[in-house]
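Peer 1: data01.tsv is the file, holding TSV, C-alpha atoms:
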```
chain	number	residue	atom	x	y	z
A	95	MET	CA	57.90	11.10	-24.02
A	96	LYS	CA	59.18	7.56	-23.31
A	97	ILE	CA	61.57	8.91	-20.68
A	98	PHE	CA	58.68	10.70	-18.94
A	99	ALA	CA	56.57	7.52	-18.92
A	100	ILE	CA	59.45	5.45	-17.51
A	101	ALA	CA	60.13	8.08	-14.83
A	102	ALA	CA	56.45	8.17	-13.88
A	103	LEU	CA	56.33	4.37	-13.59
A	104	LEU	CA	59.47	4.38	-11.42
A	105	CYS	CA	57.97	7.01	-9.09
A	106	LEU	CA	54.74	5.06	-8.77
A	107	GLY	CA	56.65	1.86	-8.10
A	108	LEU	CA	58.77	3.51	-5.42
A	109	ALA	CA	55.69	5.06	-3.82
A	110	ALA	CA	53.96	1.68	-3.76
A	111	CYS	CA	57.03	0.08	-2.19
A	112	GLY	CA	57.14	2.81	0.45
A	113	GLN	CA	53.49	2.25	1.28
A	114	ALA	CA	53.98	-1.49	1.52
A	115	ASP	CA	56.97	-1.04	3.81
A	116	ALA	CA	55.04	1.35	6.07
A	117	SER	CA	52.06	-0.98	6.39
A	118	ALA	CA	54.37	-3.93	7.08
A	119	VAL	CA	55.91	-1.98	9.95
A	120	ASN	CA	52.44	-1.26	11.36
A	121	ARG	CA	51.61	-4.98	11.26
A	122	THR	CA	54.67	-5.99	13.25
A	123	PRO	CA	53.34	-6.44	16.78
A	124	LYS	CA	54.84	-4.59	19.69
A	125	VAL	CA	55.63	-7.20	22.34
A	126	VAL	CA	54.57	-6.42	25.90
A	127	ARG	CA	55.54	-8.87	28.63
A	128	LEU	CA	53.33	-8.89	31.71
A	129	THR	CA	53.93	-10.92	34.82
A	130	ALA	CA	51.28	-11.62	37.43
A	131	PHE	CA	52.92	-11.70	40.86
A	132	HIS	CA	51.00	-11.58	44.14
A	133	SER	CA	47.86	-10.61	42.18
A	134	HIS	CA	49.45	-7.50	40.67
A	135	TRP	CA	50.80	-6.81	37.19
A	136	SER	CA	54.45	-6.05	36.55
A	137	LEU	CA	53.39	-3.04	34.46
A	138	ALA	CA	51.03	-0.23	35.47
A	139	HIS	CA	50.80	1.79	32.24
A	140	LEU	CA	51.38	1.35	28.53
A	141	ASP	CA	51.50	3.91	25.69
A	142	VAL	CA	50.44	2.72	22.24
A	143	ALA	CA	50.03	4.46	18.87
A	144	ARG	CA	46.67	4.09	17.13
A	145	GLY	CA	46.79	1.28	14.58
A	146	MET	CA	49.48	-0.63	16.48
A	147	THR	CA	49.10	-4.31	17.22
A	148	VAL	CA	50.32	-5.37	20.65
A	149	ARG	CA	51.22	-8.96	21.50
A	150	PHE	CA	50.73	-9.48	25.23
A	151	ILE	CA	52.83	-12.32	26.63
A	152	VAL	CA	51.43	-12.98	30.09
A	153	ARG	CA	53.28	-15.07	32.66
A	154	ASN	CA	51.38	-16.09	35.78
A	155	THR	CA	53.78	-16.78	38.65
A	156	ASP	CA	51.00	-17.00	41.22
A	157	PRO	CA	49.53	-20.26	42.58
A	158	ILE	CA	46.06	-19.10	41.45
A	159	ASP	CA	44.53	-18.49	38.02
A	160	HIS	CA	44.30	-15.04	36.45
A	161	GLU	CA	42.93	-13.54	33.25
A	162	LEU	CA	43.97	-10.63	31.08
A	163	ILE	CA	41.20	-8.49	29.64
A	164	VAL	CA	42.24	-5.55	27.46
A	165	GLY	CA	39.67	-2.99	26.36
A	166	ASP	CA	37.84	0.24	26.95
A	167	ALA	CA	35.66	1.04	29.99
A	168	GLY	CA	32.66	-0.79	28.49
A	169	VAL	CA	34.65	-4.00	28.00
A	170	GLN	CA	36.00	-3.80	31.54
A	171	GLU	CA	32.56	-3.18	33.02
A	172	ARG	CA	31.05	-6.17	31.14
A	173	HIS	CA	33.78	-8.45	32.43
A	174	GLU	CA	33.59	-7.14	35.99
A	175	LYS	CA	29.88	-8.00	36.03
A	176	GLY	CA	30.16	-11.04	33.74
A	177	THR	CA	30.36	-14.73	34.40
A	178	GLU	CA	32.72	-16.08	31.72
A	179	ALA	CA	34.93	-18.67	33.38
A	180	LYS	CA	37.52	-18.95	30.59
A	181	HIS	CA	38.80	-16.65	27.83
A	182	GLY	CA	40.78	-17.01	24.66
A	183	LEU	CA	38.42	-16.78	21.71
A	184	ARG	CA	38.54	-12.96	21.40
A	185	PRO	CA	41.65	-10.81	20.86
A	186	GLY	CA	42.74	-9.16	24.10
A	187	GLU	CA	41.04	-11.72	26.37
A	188	ILE	CA	42.87	-14.72	27.81
A	189	THR	CA	42.80	-17.01	30.80
A	190	VAL	CA	46.20	-17.63	32.38
A	191	PRO	CA	46.19	-20.66	34.68
A	192	ALA	CA	48.55	-20.73	37.67
A	193	GLY	CA	52.18	-21.22	36.69
A	194	THR	CA	51.60	-20.85	32.92
A	195	THR	CA	52.18	-18.33	30.15
A	196	ALA	CA	49.53	-17.25	27.62
A	197	VAL	CA	49.58	-14.93	24.62
A	198	THR	CA	47.01	-12.66	23.02
A	199	GLU	CA	47.18	-9.90	20.40
A	200	LEU	CA	45.04	-6.82	19.98
A	201	THR	CA	45.13	-4.02	17.43
A	202	PHE	CA	44.27	-0.61	18.87
A	203	ASP	CA	42.18	0.86	16.06
A	204	ARG	CA	41.16	4.08	17.79
A	205	ALA	CA	42.66	6.62	20.13
A	206	GLY	CA	41.59	6.99	23.73
A	207	PRO	CA	41.93	5.45	27.13
A	208	PHE	CA	41.97	1.68	27.53
A	209	SER	CA	42.86	-0.57	30.41
A	210	PHE	CA	43.93	-4.11	31.16
A	211	GLY	CA	43.23	-6.25	34.17
A	212	CYS	CA	41.96	-9.36	35.82
A	213	HIS	CA	38.27	-9.68	36.69
A	214	LEU	CA	38.33	-12.86	38.70
A	215	PRO	CA	36.43	-12.19	41.95
A	216	GLY	CA	38.13	-9.38	43.86
A	217	HIS	CA	41.22	-9.12	41.65
A	218	TRP	CA	40.36	-5.80	39.95
A	219	ALA	CA	39.40	-4.22	43.29
A	220	TYR	CA	42.65	-5.52	44.80
A	221	GLY	CA	44.54	-3.52	42.17
A	222	MET	CA	45.21	-6.02	39.40
A	223	HIS	CA	44.77	-3.57	36.55
A	224	GLY	CA	46.66	-1.00	34.52
A	225	SER	CA	46.02	1.77	32.01
A	226	ILE	CA	46.73	2.12	28.31
A	227	THR	CA	46.86	5.42	26.45
A	228	VAL	CA	46.32	5.11	22.69
A	229	THR	CA	47.45	8.19	20.81
A	230	VAL	CA	47.13	9.37	17.22
A	231	THR	CA	50.53	9.48	15.56
```
Would you mind giving the structure from this file in structure tokens?
Peer 2:
Amino acid sequence: MKIFAIAALLCLGLAACGQADASAVNRTPKVVRLTAFHSHWSLAHLDVARGMTVRFIVRNTDPIDHELIVGDAGVQERHEKGTEAKHGLRPGEITVPAGTTAVTELTFDRAGPFSFGCHLPGHWAYGMHGSITVTVT
């Protein structure tokens, strides 16, 4: 009986360790480097697994400011029509002044289409956006 109890405790302990290791892996951000050059992004598409956190490192090589807004169609529409001059308080939304680098992180908690882009006047229409596909693993 004691051997059975010890074996059961070992199995539970190993299972708990496996779960902790898996969740730790999910919390390690995937790093995506984006460069703004001539009002276009260096990346047009990104594939992400649901539950993954992505750290966007955004380098602005242009002589003008840009922003990075990551989100679904509703988020993009609000920003295209919005008037926020600066970003940085919400995950996935940053202002990137000319010649600087900025960082933001966002966890993709549901599957579906997302996009990223700049909504400063005319930038989105000029093509400064990309797509993100979030898939269930």
Peer 1: Just want the 8 Å neighbourhood of stretch 191-199 of chain A, counted on only C-alpha atoms, with same-chain residues fewer than 5 positions away dropped. Output as a list of chain:residue names.
Peer 2: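 So, after excluding close chain neighbours, the residues are A:Pro123, A:Thr147, A:Val148, A:Arg149, A:Phe150, A:Ile151, A:Val152, A:Arg153, A:Asn154, A:Thr155, A:Asp156, A:Pro157, A:Ile158, A:Asp159, A:His160, A:Glu161, A:Gly182, A:Pro185, A:Gly186.
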Peer 1: Just C-alpha atoms for this one: save the residues we selected as a compact mmCIF listing (two decimals), in the coordinates of the input.
Peer 2:
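The file below, out-v1.txt, is the result:
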```
# COMPACT_ATOMS: atom_id res chain seq x y z
CA PRO A 123 53.34 -6.44 16.78
CA THR A 147 49.10 -4.31 17.22
CA VAL A 148 50.32 -5.37 20.65
CA ARG A 149 51.22 -8.96 21.50
CA PHE A 150 50.73 -9.48 25.23
CA ILE A 151 52.83 -12.32 26.63
CA VAL A 152 51.43 -12.98 30.09
CA ARG A 153 53.28 -15.07 32.66
CA ASN A 154 51.38 -16.09 35.78
CA THR A 155 53.78 -16.78 38.65
CA ASP A 156 51.00 -17.00 41.22
CA PRO A 157 49.53 -20.26 42.58
CA ILE A 158 46.06 -19.10 41.45
CA ASP A 159 44.53 -18.49 38.02
CA HIS A 160 44.30 -15.04 36.45
CA GLU A 161 42.93 -13.54 33.25
CA GLY A 182 40.78 -17.01 24.66
CA PRO A 185 41.65 -10.81 20.86
CA GLY A 186 42.74 -9.16 24.10
```
Peer 1: For the atom pair atom CA of A:Val228 and atom CA of A:Glu171, what is the interatomic distance in Å to one decimal place?
Peer 2: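 Between atom CA of A:Val228 and atom CA of A:Glu171 the gap works out to 19.1 Å.
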Peer 1: Name the residues in contact with A:Thr177 at a cut-off of 12 Å, using all atoms listed in the file, excluding same-chain residues fewer than 3 positions from it; report them as a list in words.
Peer 2: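 In the requested form, the answer reads Glu171, Arg172, His173, Glu174, Lys180, His181, His213, Leu214 and Pro215 of chain A.
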Peer 1: Can you write just those residues out, C-alpha atoms, as a PDB file, in the frame of the given file?
Peer 2:
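For reference, again.pdb as written:
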```
ATOM      1  CA  GLU A 171      32.560  -3.180  33.020  1.00  0.00           C
ATOM      2  CA  ARG A 172      31.050  -6.170  31.140  1.00  0.00           C
ATOM      3  CA  HIS A 173      33.780  -8.450  32.430  1.00  0.00           C
ATOM      4  CA  GLU A 174      33.590  -7.140  35.990  1.00  0.00           C
ATOM      5  CA  LYS A 180      37.520 -18.950  30.590  1.00  0.00           C
ATOM      6  CA  HIS A 181      38.800 -16.650  27.830  1.00  0.00           C
ATOM      7  CA  HIS A 213      38.270  -9.680  36.690  1.00  0.00           C
ATOM      8  CA  LEU A 214      38.330 -12.860  38.700  1.00  0.00           C
ATOM      9  CA  PRO A 215      36.430 -12.190  41.950  1.00  0.00           C
TER      10      PRO A 215
END
```
Peer 1: Taking only C-alpha atoms into account, name the residue in A:Tyr220, A:Val190, A:Phe210, A:Ala205 that is nearest to A:Ala143.
Peer 2: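 That would be A:Ala205, the residue with the smallest distance to A:Ala143.
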Peer 1: What's the 7 Å shell around A:Phe202, counting all atoms listed in the file, without same-chain residues fewer than 5 positions away, as a list in words?
Peer 2: Arg144, Gly145, Met146 and Thr147 of chain A
Peer 1: Rank nothing, just name the residue among A:Ile163, A:Ala219, A:Ile188, A:Val230 nearest to A:Asp203, using all atoms listed in the file.
Peer 2: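 The closest residue to A:Asp203 is A:Val230.
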Peer 1: With all atoms listed in the file as the basis for distance, which of A:Leu200, A:Met222, A:Gly165, A:Thr231 is at the shortest distance from A:Val126?
Peer 2: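 Closest to A:Val126, using all atoms listed in the file: A:Leu200.
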Peer 1: Looking at A:Asp141, A:Thr227, A:Lys124, A:Arg184, which one is nearest to A:Val169, with distances taken over all atoms listed in the file?
Peer 2: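 That would be A:Arg184, the residue with the smallest distance to A:Val169.
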Peer 1: Determine the nearest neighbour of A:Trp218 from the options A:Arg127, A:Arg204, A:Val164, A:His134, counting all atoms listed in the file.
Peer 2: A:His134
Peer 1: Figure out the distance between atom CA of A:Gly168 and atom CA of A:Glu187, please, to one decimal in Å.
Peer 2: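 These two atoms are separated by 13.9 Å.
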Peer 1: Distance atom CA of A:His132-atom CA of A:Leu183, one decimal place?
Peer 2: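 Computing it gives 26.2 Å between the two atoms.
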Peer 1: Which one is closest to A:Ala138: A:Ile226, A:Ala179, A:Ala167, A:Val125? Count all atoms listed in the file.
Peer 2: A:Ile226
